[in-house]
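Asker: Structure file structure_36.cif (mmCIF, C-alpha atoms and all ligand atoms) is given on the next line.
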data_upload
loop_
_atom_site.label_atom_id
_atom_site.label_comp_id
_atom_site.auth_asym_id
_atom_site.auth_seq_id
_atom_site.Cartn_x
_atom_site.Cartn_y
_atom_site.Cartn_z
CA MET Q 187 -2.23 34.36 -3.34
CA LEU Q 188 -4.26 31.17 -3.68
CA ARG Q 189 -3.84 28.62 -0.86
CA PHE Q 190 -5.53 25.24 -0.70
CA LEU Q 191 -5.16 21.72 0.66
CA HIS Q 192 -5.06 18.87 -1.87
CA THR Q 193 -5.90 15.42 -0.54
CA ALA Q 194 -6.94 12.10 -2.12
CA ASP Q 195 -7.54 8.42 -1.49
CA TRP Q 196 -9.24 8.59 1.90
CA GLN Q 197 -10.96 5.28 1.13
CA LEU Q 198 -13.33 5.66 4.07
CA GLY Q 199 -14.99 2.37 4.90
CA ALA Q 200 -11.94 0.30 3.94
CA ARG Q 201 -12.57 -3.08 5.54
CA PHE Q 202 -9.10 -4.25 6.57
CA SER Q 203 -10.58 -7.74 6.74
CA GLN Q 204 -7.07 -9.27 6.93
CA PHE Q 205 -6.86 -7.79 10.46
CA GLY Q 206 -10.12 -9.34 11.71
CA SER Q 207 -11.62 -7.43 14.66
CA GLN Q 208 -8.57 -5.14 14.70
CA GLY Q 209 -9.91 -3.59 11.50
CA THR Q 210 -12.43 -1.48 13.39
CA PRO Q 211 -9.93 1.04 14.85
CA LEU Q 212 -8.15 1.17 11.48
CA ARG Q 213 -11.41 2.27 9.85
CA ALA Q 214 -12.13 4.79 12.60
CA ALA Q 215 -8.66 6.34 12.23
CA ARG Q 216 -9.43 7.41 8.65
CA LEU Q 217 -12.36 9.57 9.80
CA THR Q 218 -10.27 11.06 12.64
CA THR Q 219 -7.60 12.01 10.11
CA LEU Q 220 -10.18 13.57 7.76
CA GLN Q 221 -11.44 15.68 10.63
CA ARG Q 222 -7.86 16.79 11.44
CA ALA Q 223 -7.20 17.79 7.82
CA LEU Q 224 -10.48 19.73 7.55
CA ASP Q 225 -9.67 21.47 10.81
CA TYR Q 226 -6.24 22.43 9.44
CA ALA Q 227 -7.79 23.92 6.29
CA GLN Q 228 -10.38 25.92 8.23
CA THR Q 229 -7.93 27.11 10.92
CA HIS Q 230 -5.51 28.33 8.23
CA ALA Q 231 -8.38 29.98 6.32
CA LEU Q 232 -7.49 28.14 3.11
CA ASP Q 233 -9.35 28.90 -0.12
CA ALA Q 234 -10.32 25.26 -0.73
CA PHE Q 235 -10.12 21.66 0.44
CA LEU Q 236 -9.74 19.29 -2.52
CA ILE Q 237 -10.49 15.57 -2.51
CA ALA Q 238 -9.03 14.13 -5.72
CA GLY Q 239 -10.98 10.88 -5.80
CA ASP Q 240 -11.62 7.79 -3.71
CA LEU Q 241 -13.16 9.49 -0.69
CA PHE Q 242 -14.91 6.15 -0.18
CA GLU Q 243 -13.60 2.60 -0.39
CA ASP Q 244 -16.40 1.70 -2.81
CA ASN Q 245 -19.98 2.46 -3.79
CA HIS Q 246 -21.35 0.00 -1.22
CA VAL Q 247 -20.09 1.55 2.04
CA ASP Q 248 -22.51 1.68 4.98
CA ASP Q 249 -25.07 4.44 4.93
CA SER Q 250 -24.08 5.37 8.50
CA LEU Q 251 -20.61 6.23 7.20
CA VAL Q 252 -22.03 8.49 4.48
CA VAL Q 253 -24.16 10.26 7.11
CA SER Q 254 -21.05 10.75 9.32
CA VAL Q 255 -19.07 12.23 6.43
CA VAL Q 256 -21.85 14.59 5.35
CA ASP Q 257 -22.19 15.76 8.98
CA LEU Q 258 -18.42 16.17 9.31
CA PHE Q 259 -18.26 18.41 6.21
CA ALA Q 260 -21.13 20.50 7.61
CA ASN Q 261 -18.98 21.29 10.68
CA PHE Q 262 -16.34 23.00 8.56
CA SER Q 263 -18.48 25.58 6.82
CA ARG Q 264 -15.72 28.18 6.46
CA VAL Q 265 -13.73 26.14 3.90
CA PRO Q 266 -15.12 25.28 0.46
CA ILE Q 267 -14.86 21.51 -0.08
CA PHE Q 268 -14.59 19.95 -3.56
CA ILE Q 269 -15.06 16.22 -4.03
CA LEU Q 270 -14.25 14.16 -7.11
CA PRO Q 271 -15.52 10.58 -7.57
CA GLY Q 272 -12.53 8.27 -8.24
CA ASN Q 273 -12.20 4.70 -9.47
CA HIS Q 274 -13.15 3.27 -6.07
CA ASP Q 275 -16.29 5.40 -5.85
CA PRO Q 276 -17.09 6.34 -9.47
CA PHE Q 277 -20.23 8.27 -10.31
CA THR Q 278 -21.91 5.37 -12.09
CA GLY Q 279 -25.58 6.25 -11.75
CA PRO Q 280 -28.50 5.60 -9.39
CA ASP Q 281 -26.78 2.95 -7.24
CA CYS Q 282 -23.58 4.82 -6.46
CA VAL Q 283 -22.64 6.32 -3.10
CA TRP Q 284 -23.15 9.89 -4.41
CA GLN Q 285 -26.85 9.24 -4.95
CA ARG Q 286 -27.61 8.33 -1.34
CA LYS Q 287 -30.29 10.39 0.38
CA SER Q 288 -27.74 11.92 2.76
CA TRP Q 289 -26.23 14.06 0.00
CA ARG Q 290 -29.55 15.87 -0.50
CA LYS Q 291 -28.91 17.84 2.68
CA ILE Q 292 -25.27 18.55 1.86
CA ALA Q 293 -24.12 22.01 3.00
CA PRO Q 294 -23.71 24.69 0.29
CA HIS Q 295 -19.92 24.92 0.80
CA VAL Q 296 -19.53 21.32 -0.44
CA ARG Q 297 -19.57 20.38 -4.12
CA VAL Q 298 -19.40 16.89 -5.58
CA PHE Q 299 -18.38 16.85 -9.26
CA THR Q 300 -20.64 14.27 -10.86
CA GLU Q 301 -19.55 15.42 -14.32
CA PRO Q 302 -16.70 17.56 -15.72
CA GLY Q 303 -17.13 21.10 -14.44
CA THR Q 304 -15.69 24.46 -13.40
CA HIS Q 305 -15.93 26.29 -10.08
CA PRO Q 306 -14.44 29.65 -9.00
CA LEU Q 307 -11.98 29.45 -6.06
CA SER Q 308 -11.38 33.20 -5.70
CA ALA Q 309 -11.72 36.39 -7.75
CA ASP Q 310 -8.90 35.28 -10.08
CA ALA Q 311 -8.67 31.50 -9.65
CA PHE Q 312 -10.73 28.59 -10.98
CA LEU Q 313 -11.00 24.87 -10.40
CA VAL Q 314 -11.69 22.52 -13.34
CA ALA Q 315 -12.55 18.92 -12.47
CA SER Q 316 -12.87 15.65 -14.38
CA PRO Q 317 -14.53 12.93 -12.26
CA LEU Q 318 -14.47 9.19 -12.98
CA ARG Q 319 -17.68 7.49 -14.05
CA GLN Q 320 -16.41 3.92 -14.30
CA LYS Q 321 -13.89 1.63 -12.61
CA ARG Q 322 -11.53 1.16 -15.53
CA SER Q 323 -10.72 3.08 -18.68
CA MET Q 324 -7.93 3.46 -21.25
CA VAL Q 325 -8.85 7.16 -21.63
CA ASP Q 326 -6.82 9.88 -19.90
CA PRO Q 327 -9.36 11.65 -17.62
CA SER Q 328 -7.32 14.87 -17.73
CA LEU Q 329 -8.19 15.30 -21.43
CA ALA Q 330 -11.59 16.68 -20.37
CA LEU Q 331 -9.77 19.50 -18.57
CA VAL Q 332 -8.24 20.93 -21.76
CA ALA Q 333 -11.46 22.49 -23.07
CA LEU Q 334 -12.64 23.52 -19.61
CA ALA Q 335 -9.36 25.36 -18.90
CA ALA Q 336 -9.32 26.96 -22.37
CA ALA Q 337 -12.67 28.61 -21.62
CA LEU Q 338 -11.23 30.43 -18.57
CA PRO Q 339 -9.74 33.97 -18.64
CA ALA Q 340 -6.05 33.91 -19.60
CA SER Q 341 -5.17 35.92 -16.49
CA ALA Q 342 -6.73 33.39 -14.06
CA ILE Q 343 -4.93 30.85 -11.90
CA LYS Q 344 -6.12 27.45 -13.19
CA ILE Q 345 -6.29 24.40 -10.94
CA GLY Q 346 -7.20 20.96 -12.31
CA LEU Q 347 -8.55 17.98 -10.41
CA THR Q 348 -8.77 14.36 -11.59
CA HIS Q 349 -7.94 10.75 -10.68
CA GLY Q 350 -5.90 8.03 -12.34
CA ALA Q 351 -2.48 6.46 -12.83
CA LEU Q 352 0.41 8.61 -13.99
CA ALA Q 353 1.41 7.18 -17.38
CA ILE Q 354 4.94 6.32 -16.27
CA GLU Q 355 6.50 3.65 -18.52
CA GLY Q 356 6.23 0.25 -16.86
CA LYS Q 357 4.51 1.63 -13.75
CA HIS Q 358 0.86 1.65 -14.75
CA GLN Q 359 -1.82 -0.52 -16.33
CA PRO Q 360 -3.13 0.83 -19.66
CA ASN Q 361 -6.77 0.53 -18.47
CA ASP Q 362 -6.14 2.37 -15.18
CA PHE Q 363 -7.00 5.91 -16.36
CA PRO Q 364 -3.48 6.75 -17.64
CA ILE Q 365 -2.77 10.46 -17.10
CA SER Q 366 -0.23 12.11 -19.43
CA LEU Q 367 2.96 13.24 -17.68
CA GLN Q 368 2.39 16.60 -19.40
CA ALA Q 369 -1.30 16.82 -18.49
CA ALA Q 370 -0.95 20.10 -16.54
CA SER Q 371 1.09 22.01 -19.11
CA ARG Q 372 -0.99 20.53 -21.97
CA ALA Q 373 -4.17 22.02 -20.48
CA GLY Q 374 -2.45 25.28 -19.44
CA LEU Q 375 -3.01 24.49 -15.75
CA ASP Q 376 -0.94 26.02 -12.98
CA TYR Q 377 -1.53 22.91 -10.91
CA LEU Q 378 -3.11 19.51 -11.51
CA GLY Q 379 -4.18 17.70 -8.36
CA VAL Q 380 -4.52 13.96 -8.91
CA GLY Q 381 -5.25 10.99 -6.72
CA HIS Q 382 -4.88 7.23 -7.07
CA TRP Q 383 -1.51 5.98 -5.80
CA HIS Q 384 -0.99 6.01 -2.06
CA ASN Q 385 2.53 7.48 -1.77
CA TRP Q 386 3.55 11.14 -2.06
CA LEU Q 387 4.70 11.93 -5.65
CA VAL Q 388 5.38 15.54 -6.62
CA ASP Q 389 8.00 15.80 -9.37
CA THR Q 390 5.84 15.35 -12.49
CA ASP Q 391 5.39 17.97 -15.26
CA GLY Q 392 7.83 20.43 -13.68
CA GLY Q 393 6.19 20.09 -10.28
CA ARG Q 394 2.70 20.94 -11.56
CA ILE Q 395 1.20 17.44 -11.29
CA ILE Q 396 0.95 16.34 -7.67
CA MET Q 397 -0.13 12.97 -6.23
CA PRO Q 398 -0.29 13.47 -2.44
CA GLY Q 399 -0.96 9.81 -1.55
CA THR Q 400 -3.36 8.70 1.13
CA PRO Q 401 -3.47 10.91 4.26
CA GLU Q 402 -3.89 7.82 6.44
CA PRO Q 403 -1.63 4.86 5.60
CA ASP Q 404 -3.53 1.68 4.79
CA ARG Q 405 -0.75 -0.87 4.39
CA PHE Q 406 2.77 -1.72 5.46
CA GLY Q 407 5.66 -0.43 3.39
CA HIS Q 408 4.03 2.81 2.20
CA ASP Q 409 6.64 5.05 3.76
CA GLN Q 410 5.56 8.11 1.80
CA ALA Q 411 1.92 8.05 2.90
CA GLY Q 412 0.14 10.05 5.60
CA MET Q 413 0.17 13.54 4.12
CA GLY Q 414 -1.84 16.20 2.36
CA ALA Q 415 -0.41 18.84 0.00
CA LEU Q 416 -0.61 22.47 1.09
CA VAL Q 417 -0.45 24.41 -2.18
CA GLU Q 418 0.33 28.12 -2.51
CA ILE Q 419 0.27 29.91 -5.87
CA ALA Q 420 1.15 33.61 -5.96
CA GLN Q 421 0.08 34.32 -9.55
CA PRO Q 422 -0.74 32.58 -12.83
CA GLY Q 423 2.22 30.84 -14.46
CA GLN Q 424 4.24 30.77 -11.28
CA LYS Q 425 5.41 27.38 -10.06
CA PRO Q 426 3.20 26.19 -7.20
CA HIS Q 427 4.79 26.05 -3.77
CA VAL Q 428 3.88 22.65 -2.28
CA THR Q 429 4.37 21.62 1.34
CA ALA Q 430 3.68 18.14 2.72
CA ILE Q 431 1.53 18.39 5.83
CA PRO Q 432 1.47 15.23 8.00
CA PHE Q 433 -2.05 14.20 9.01
CA ALA Q 434 -1.82 10.47 9.75
CA THR Q 435 -3.34 9.18 12.97
CA LEU Q 436 -1.67 5.76 12.96
CA SER Q 437 1.89 4.70 12.32
CA TRP Q 438 2.40 1.50 10.26
CA GLN Q 439 5.81 -0.03 10.95
CA THR Q 440 7.58 -3.26 10.11
CA LEU Q 441 10.53 -5.14 11.56
CA THR Q 442 12.34 -8.20 10.27
CA PHE Q 443 13.44 -10.56 13.04
CA ASP Q 444 16.21 -12.75 11.62
CA LEU Q 445 16.76 -15.97 13.53
CA GLN Q 446 20.20 -16.35 11.95
CA ASN Q 447 21.37 -13.71 14.41
CA GLU Q 448 18.92 -13.79 17.28
CA ALA Q 449 20.96 -11.59 19.65
CA ALA Q 450 21.02 -8.73 17.12
CA ALA Q 451 17.35 -9.35 16.26
CA ARG Q 452 16.37 -9.08 19.93
CA ALA Q 453 18.25 -5.80 20.35
CA ALA Q 454 16.53 -4.38 17.25
CA LEU Q 455 13.17 -5.63 18.52
CA ASP Q 456 13.66 -3.92 21.89
CA SER Q 457 14.29 -0.52 20.34
CA PHE Q 458 11.51 -1.07 17.76
CA LEU Q 459 8.91 -1.71 20.45
CA ALA Q 460 10.32 1.02 22.74
CA ALA Q 461 9.75 3.60 20.00
CA TYR Q 462 5.97 3.02 20.16
CA ARG Q 463 5.56 2.29 23.88
CA SER Q 464 4.43 5.86 24.66
CA HIS Q 465 1.54 5.65 22.16
CA PRO Q 466 0.68 1.96 21.70
CA ASP Q 467 -2.86 2.86 20.58
CA LYS Q 468 -1.38 4.53 17.47
CA ALA Q 469 0.94 1.70 16.44
CA VAL Q 470 0.20 -0.82 13.68
CA LEU Q 471 3.15 -3.20 13.87
CA ARG Q 472 4.26 -6.18 11.85
CA ILE Q 473 7.17 -8.46 12.76
CA THR Q 474 8.37 -10.86 10.06
CA LEU Q 475 10.37 -13.85 11.26
CA THR Q 476 13.09 -15.01 8.86
CA GLY Q 477 16.01 -17.42 8.95
CA SER Q 478 15.82 -21.01 10.08
CA SER Q 479 14.67 -22.50 13.32
CA SER Q 480 13.52 -25.73 14.89
CA ALA Q 481 9.75 -26.05 15.13
CA GLN Q 482 9.93 -25.98 18.91
CA HIS Q 483 12.09 -22.86 19.15
CA LEU Q 484 9.83 -21.12 16.64
CA ALA Q 485 6.71 -21.91 18.69
CA THR Q 486 8.28 -20.54 21.88
CA LEU Q 487 9.45 -17.39 20.12
CA GLN Q 488 6.05 -16.81 18.50
CA GLU Q 489 4.37 -17.03 21.88
CA GLU Q 490 6.80 -14.56 23.40
CA LEU Q 491 6.45 -12.09 20.52
CA SER Q 492 2.64 -12.32 20.56
CA THR Q 493 2.71 -11.32 24.23
CA ARG Q 494 5.03 -8.41 23.54
CA LEU Q 495 2.87 -7.23 20.63
CA ALA Q 496 -0.37 -7.45 22.59
CA PRO Q 497 -0.32 -3.87 24.04
CA PHE Q 498 -0.27 -2.30 20.56
CA LEU Q 499 -3.33 -1.38 18.50
CA VAL Q 500 -2.39 -3.96 15.86
CA GLY Q 501 0.44 -6.45 16.23
CA GLN Q 502 0.93 -8.84 13.33
CA LEU Q 503 3.39 -11.72 13.33
CA VAL Q 504 4.41 -13.18 9.97
CA ASP Q 505 6.30 -16.48 9.81
CA ASP Q 506 8.77 -16.49 6.94
CA THR Q 507 11.21 -18.90 8.56
CA ARG Q 508 12.67 -22.10 7.24
CA LEU Q 509 12.48 -25.27 9.22
CA GLU Q 510 15.71 -26.61 10.69
CA LEU Q 511 16.12 -30.07 12.20
CA SER Q 512 17.95 -30.61 15.47
CA PRO Q 513 20.73 -33.27 15.51
CA VAL Q 514 18.29 -35.64 17.27
CA GLU Q 515 15.57 -35.01 14.67
CA LEU Q 516 18.13 -35.41 11.90
CA GLU Q 517 19.24 -38.77 13.31
CA ALA Q 518 15.60 -39.87 13.62
CA LEU Q 519 15.02 -38.91 9.98
CA HIS Q 520 17.99 -40.97 8.86
CA GLN Q 521 16.98 -43.98 10.98
CA ARG Q 522 13.24 -44.01 10.34
CA HIS Q 523 13.11 -42.63 6.79
CA PRO Q 524 16.18 -43.99 4.92
CA LEU Q 525 14.47 -43.40 1.59
CA LEU Q 526 13.85 -39.72 2.40
CA SER Q 527 17.44 -39.40 3.56
CA GLN Q 528 18.50 -40.72 0.15
CA ILE Q 529 16.26 -38.16 -1.58
CA PHE Q 530 17.93 -35.34 0.34
CA ALA Q 531 21.32 -36.69 -0.77
CA ASP Q 532 20.12 -36.62 -4.38
CA ILE Q 533 18.92 -33.03 -3.95
CA ASP Q 534 22.36 -32.04 -2.60
CA GLN Q 535 24.03 -33.67 -5.57
CA LEU Q 536 21.66 -31.99 -8.06
CA GLU Q 537 22.44 -28.63 -6.46
CA ARG Q 538 26.17 -29.26 -6.87
CA PHE Q 539 25.67 -30.05 -10.55
CA ALA Q 540 23.37 -27.08 -11.16
CA THR Q 541 25.05 -24.32 -9.17
CA GLY Q 542 28.55 -25.61 -8.51
CA GLN Q 543 27.87 -25.08 -4.82
CA ASN Q 544 27.64 -27.46 -1.95
CA ALA Q 545 24.50 -27.45 0.10
CA GLY Q 546 26.57 -26.43 3.14
CA SER Q 547 24.75 -25.95 6.42
CA VAL Q 548 21.36 -26.79 4.91
CA SER Q 549 22.47 -30.32 4.08
CA ILE Q 550 20.22 -32.95 5.56
CA ALA Q 551 21.62 -36.05 3.93
CA ARG Q 552 24.22 -38.34 5.51
CA PRO Q 553 27.63 -38.25 3.86
CA THR Q 554 27.32 -42.02 3.47
CA ASP Q 555 24.18 -41.78 1.34
CA SER Q 556 25.23 -42.56 -2.20
CA ALA Q 557 24.40 -39.81 -4.66
CA LEU Q 558 23.37 -39.45 -8.29
CA SER Q 559 25.83 -39.43 -11.14
CA LEU Q 560 25.65 -36.54 -13.63
CA ALA Q 561 24.25 -38.87 -16.29
CA GLU Q 562 21.50 -40.06 -13.93
CA ALA Q 563 20.67 -36.46 -12.95
CA GLN Q 564 20.38 -35.36 -16.59
CA ALA Q 565 18.24 -38.36 -17.45
CA LEU Q 566 15.90 -37.65 -14.53
CA LEU Q 567 15.50 -33.95 -15.33
CA GLY Q 568 15.36 -34.56 -19.07
CA SER Q 569 12.24 -36.68 -18.71
CA SER Q 570 10.59 -33.72 -16.92
CA ARG Q 571 11.96 -31.25 -19.49
CA ILE Q 572 13.95 -29.35 -16.84
CA GLU Q 573 17.35 -27.89 -17.73
CA LEU Q 574 19.91 -28.48 -15.00
CA ALA Q 575 21.49 -25.06 -15.64
CA GLN Q 576 18.16 -23.26 -15.06
CA LEU Q 577 17.90 -24.41 -11.44
CA THR Q 578 19.01 -21.91 -8.82
CA ARG Q 579 19.94 -22.20 -5.16
CA ALA Q 580 16.48 -20.83 -4.23
CA ASP Q 581 14.84 -23.77 -6.03
CA PHE Q 582 16.76 -26.22 -3.86
CA VAL Q 583 16.03 -24.32 -0.64
CA PHE Q 584 12.33 -24.39 -1.54
CA LEU Q 585 12.46 -28.08 -2.42
CA ARG Q 586 14.04 -29.07 0.91
CA GLN Q 587 11.65 -26.87 2.91
CA THR Q 588 8.61 -28.33 1.18
CA LEU Q 589 9.77 -31.86 1.95
CA LEU Q 590 10.61 -31.05 5.58
CA ARG Q 591 7.31 -29.29 6.24
CA GLN Q 592 5.38 -32.22 4.81
CA LEU Q 593 7.44 -34.62 6.88
CA GLN Q 594 6.69 -32.52 9.99
CA GLU Q 595 2.96 -32.54 9.22
CA VAL Q 596 2.95 -36.30 8.69
CA SER Q 597 4.86 -37.04 11.90
CA ALA Q 598 3.00 -34.44 14.01
MN MN U 601 -7.87 5.19 -7.02
#
I'd like the structure from this file rewritten - as structure tokens, please.
Ligand SMILES: [Mn+2]
Answerer:
Amino acid sequence: MLRFLHTADWQLGARFSQFGSQGTPLRAARLTTLQRALDYAQTHALDAFLIAGDLFEDNHVDDSLVVSVVDLFANFSRVPIFILPGNHDPFTGPDCVWQRKSWRKIAPHVRVFTEPGTHPLSADAFLVASPLRQKRSMVDPSLALVALAAALPASAIKIGLTHGALAIEGKHQPNDFPISLQAASRAGLDYLGVGHWHNWLVDTDGGRIIMPGTPEPDRFGHDQAGMGALVEIAQPGQKPHVTAIPFATLSWQTLTFDLQNEAAARAALDSFLAAYRSHPDKAVLRITLTGSSSAQHLATLQEELSTRLAPFLVGQLVDDTRLELSPVELEALHQRHPLLSQIFADIDQLERFATGQNAGSVSIARPTDSALSLAEAQALLGSSRIELAQLTRADFVFLRQTLLRQLQEVSA
């Protein structure tokens, strides 16, 4: 029985610059998670720990990080560790991260594949690896495994390791190392461990090509990230038994707060925040505000939410709301900006012509504002080469919001 842990896409040294100073704990979490996964492999006496590319964010990461990683590997001397350069950290030559001085004192149980190669995993199992040596390529990196696997004894369990995009129609770029969906069976491999995409993906080539995703989530919306693949293979030709092992340190969670129904949004917010109150130092939270609101109400709400998010490791507030004028503001617009009021009436009329719908609650114009005739509308749009029928409701919502925001900026 061969048992190993397949991981990928650690991207140590990722900057998270969009989070400012909050990026520091996000970076640190990735090392903590690596330590946890190595500890798991050693505690369970696994035959190997595989890193299928992108251990590092890029070839320019701090030297102190490389030293930390080399030291960390040295602490887990009872599990053989195999590392493959990926597209983030390709083995490109003298300037790459794999050529730093620190690697010269790497422990003997750690191997970095700087070129395609073979390594025994047990008496009857072998690893064949095809590292990346550039950032982009149209060539399938698993092709190099065919000859390597063919040279192995027929009775051996054969494990492949490489990095790239699975060549799923419409889901990959042709220059992103496209890996054939039959790459494992084509090379006669029992298992092909790949890395690149950050979500768990295990149903390719009859369950023999596995993409475990990143063991530590690095963005919102990756709900299938945070795991490593525990792989058990009883004998050659037998389907691998794969178990997802959760390793993530941090939990990335999002909530949409819809101002159209603030009571319901507040109830959802309460339970959302309550779920992470016991471990606020592990929570990376994003709240997206949607719906429409007056500028004043929005400012008050943003202040309140910022306070409520403050106890968490990362609390991000995204404003996706639309501006709404109060009756007083609306009256002021009509009084002080009659021309603008007329423009809003024309927009309403255009929307009726284009979509057959009335503007409804978003209407800003006065009913008394005279509106365009169909002939005038067509003449106006015709000179800009716009087809009336091509305009959608979203176009009109965007148009009104753009005008209102500019008006707010001018009058602020
Ligand atoms: Mn990658």
Asker: Select the residues contacting ligand MN 601 (chain U) at a distance of at most 10 Å, based on only C-alpha atoms and all ligand atoms, then format the selection as an MDAnalysis selection string.
Answerer: chainID Q and resid 194:197 238:243 271:276 318 321 349:351 362:363 380:384 399:400
Asker: Separation of CA of Thr442 in chain Q and CA of Leu455 in chain Q, in Å?
Answerer: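 Between CA of Thr442 in chain Q and CA of Leu455 in chain Q the gap works out to 8.7 Å.
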Asker: Excluding Asp281 in chain Q and residues on its chain fewer than 4 positions from it, collect all residues at most 10 Å away from it, counting only C-alpha atoms, and give them as a compact mmCIF listing (two decimals) with C-alpha atoms, in the coordinates of the input.
Answerer:
# COMPACT_ATOMS: atom_id res chain seq x y z
CA ASN Q 245 -19.98 2.46 -3.79
CA HIS Q 246 -21.35 0.00 -1.22
CA PHE Q 277 -20.23 8.27 -10.31
CA GLN Q 285 -26.85 9.24 -4.95
CA ARG Q 286 -27.61 8.33 -1.34
Asker: Can you work out the spacing between CA of Val428 in chain Q and CA of Pro317 in chain Q in Å, to one decimal?
Answerer: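 It comes out at 23.1 Å.
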Asker: Hey, can you check how far CA of Glu355 in chain Q sits from CA of Ile269 in chain Q?
Answerer: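 A separation of 28.9 Å between them.
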Asker: Of the candidates Q:Ser323, Q:Ser328, Q:Ser316, Q:Ser207, which shows the shortest atom-to-atom distance to Thr300 in chain Q, using only C-alpha atoms?
Answerer: Q:Ser316
Asker: Could you list, with a cut-off of 7 Å and counting all atoms listed in the file, the residues of range 320-402 of chain Q near range 311-315 of chain Q, each shown with its nearest atom pair and the distance in Å rounded to one decimal, rows sorted by chain and ascending number, as a tab-separated table?
Answerer:
residue	atom	partner	partner_atom	distance
Q:Leu331	CA	Q:Val314	CA	6.3
Q:Leu334	CA	Q:Val314	CA	6.4
Q:Ala335	CA	Q:Val314	CA	6.7
Q:Ala342	CA	Q:Ala311	CA	5.2
Q:Ile343	CA	Q:Ala311	CA	4.4
Q:Lys344	CA	Q:Phe312	CA	5.2
Q:Ile345	CA	Q:Leu313	CA	4.8
Q:Gly346	CA	Q:Val314	CA	4.9
Q:Leu347	CA	Q:Ala315	CA	4.6
Q:Thr348	CA	Q:Ala315	CA	6.0
Asker: Generate a file of the selected residues that holds C-alpha atoms, formatted as an mmCIF file, keeping the file's coordinate frame.
Answerer:
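part.cif was written with the following content:
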data_model
loop_
_atom_site.group_PDB
_atom_site.id
_atom_site.type_symbol
_atom_site.label_atom_id
_atom_site.label_comp_id
_atom_site.auth_asym_id
_atom_site.auth_seq_id
_atom_site.Cartn_x
_atom_site.Cartn_y
_atom_site.Cartn_z
ATOM 1 C CA LEU Q 331 -9.770 19.500 -18.570
ATOM 2 C CA LEU Q 334 -12.640 23.520 -19.610
ATOM 3 C CA ALA Q 335 -9.360 25.360 -18.900
ATOM 4 C CA ALA Q 342 -6.730 33.390 -14.060
ATOM 5 C CA ILE Q 343 -4.930 30.850 -11.900
ATOM 6 C CA LYS Q 344 -6.120 27.450 -13.190
ATOM 7 C CA ILE Q 345 -6.290 24.400 -10.940
ATOM 8 C CA GLY Q 346 -7.200 20.960 -12.310
ATOM 9 C CA LEU Q 347 -8.550 17.980 -10.410
ATOM 10 C CA THR Q 348 -8.770 14.360 -11.590
#
Asker: What lies within 7 Å of range 227-237 of chain Q using only C-alpha atoms, ignoring chain neighbours under 6 positions off, as a list of chain:residue names?
Answerer: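 In the requested format, the answer is Q:Leu188, Q:Arg189, Q:Phe190, Q:Leu191, Q:His192, Q:Thr193, Q:Ala194, Q:Phe262, Q:Arg264, Q:Val265, Q:Pro266, Q:Ile267, Q:Phe268, Q:Ile269, Q:Leu270, Q:Leu307.
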Asker: Tell me, as a list of chain:residue names, which residues lie within 9 Å of Leu536 in chain Q, counting only C-alpha atoms; anything in the same chain fewer than 5 positions away does not count.
Answerer: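 In the requested form, the answer reads Q:Ala531, Q:Thr541, Q:Ala557, Q:Leu558, Q:Leu560, Q:Ala563, Q:Leu574, Q:Phe582.
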Asker: Which of these residues is nearest to Gln482 in chain Q, using all atoms listed in the file: Q:Leu509, Q:Lys468, Q:Gly412, Q:Phe443?
Answerer: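 Ranking Q:Leu509, Q:Lys468, Q:Gly412, Q:Phe443 by distance to Gln482 in chain Q, first place goes to Q:Leu509.
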Asker: So that I can see what lies close to Ala481 in chain Q, please list as a list of chain:residue names the residues with an atom at most 12 Å from it, counting only C-alpha atoms and leaving out residues fewer than 6 positions away in the same chain.
Answerer: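 Final neighbour list, sorted by chain and number: Q:Leu487, Q:Gln488, Q:Asp505, Q:Thr507, Q:Arg508, Q:Leu509, Q:Glu510, Q:Leu511, Q:Ser512, Q:Glu515, Q:Leu590, Q:Arg591, Q:Gln594, Q:Glu595, Q:Ala598.
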Asker: Write out as a PDB file with C-alpha atoms, keeping the file's coordinate frame each polymer residue whose atoms come within 12 Å of Leu495 in chain Q, counting all atoms listed in the file; drop sequence neighbours fewer than 4 positions from it.
Answerer:
ATOM      1  CA  LEU Q 455      13.170  -5.630  18.520  1.00  0.00           C
ATOM      2  CA  ASP Q 456      13.660  -3.920  21.890  1.00  0.00           C
ATOM      3  CA  PHE Q 458      11.510  -1.070  17.760  1.00  0.00           C
ATOM      4  CA  LEU Q 459       8.910  -1.710  20.450  1.00  0.00           C
ATOM      5  CA  ALA Q 460      10.320   1.020  22.740  1.00  0.00           C
ATOM      6  CA  TYR Q 462       5.970   3.020  20.160  1.00  0.00           C
ATOM      7  CA  ARG Q 463       5.560   2.290  23.880  1.00  0.00           C
ATOM      8  CA  PRO Q 466       0.680   1.960  21.700  1.00  0.00           C
ATOM      9  CA  ASP Q 467      -2.860   2.860  20.580  1.00  0.00           C
ATOM     10  CA  ALA Q 469       0.940   1.700  16.440  1.00  0.00           C
ATOM     11  CA  VAL Q 470       0.200  -0.820  13.680  1.00  0.00           C
ATOM     12  CA  LEU Q 471       3.150  -3.200  13.870  1.00  0.00           C
ATOM     13  CA  ARG Q 472       4.260  -6.180  11.850  1.00  0.00           C
ATOM     14  CA  ILE Q 473       7.170  -8.460  12.760  1.00  0.00           C
ATOM     15  CA  GLN Q 488       6.050 -16.810  18.500  1.00  0.00           C
ATOM     16  CA  GLU Q 489       4.370 -17.030  21.880  1.00  0.00           C
ATOM     17  CA  GLU Q 490       6.800 -14.560  23.400  1.00  0.00           C
ATOM     18  CA  LEU Q 491       6.450 -12.090  20.520  1.00  0.00           C
ATOM     19  CA  LEU Q 499      -3.330  -1.380  18.500  1.00  0.00           C
ATOM     20  CA  VAL Q 500      -2.390  -3.960  15.860  1.00  0.00           C
ATOM     21  CA  GLY Q 501       0.440  -6.450  16.230  1.00  0.00           C
ATOM     22  CA  GLN Q 502       0.930  -8.840  13.330  1.00  0.00           C
ATOM     23  CA  LEU Q 503       3.390 -11.720  13.330  1.00  0.00           C
TER      24      LEU Q 503
END
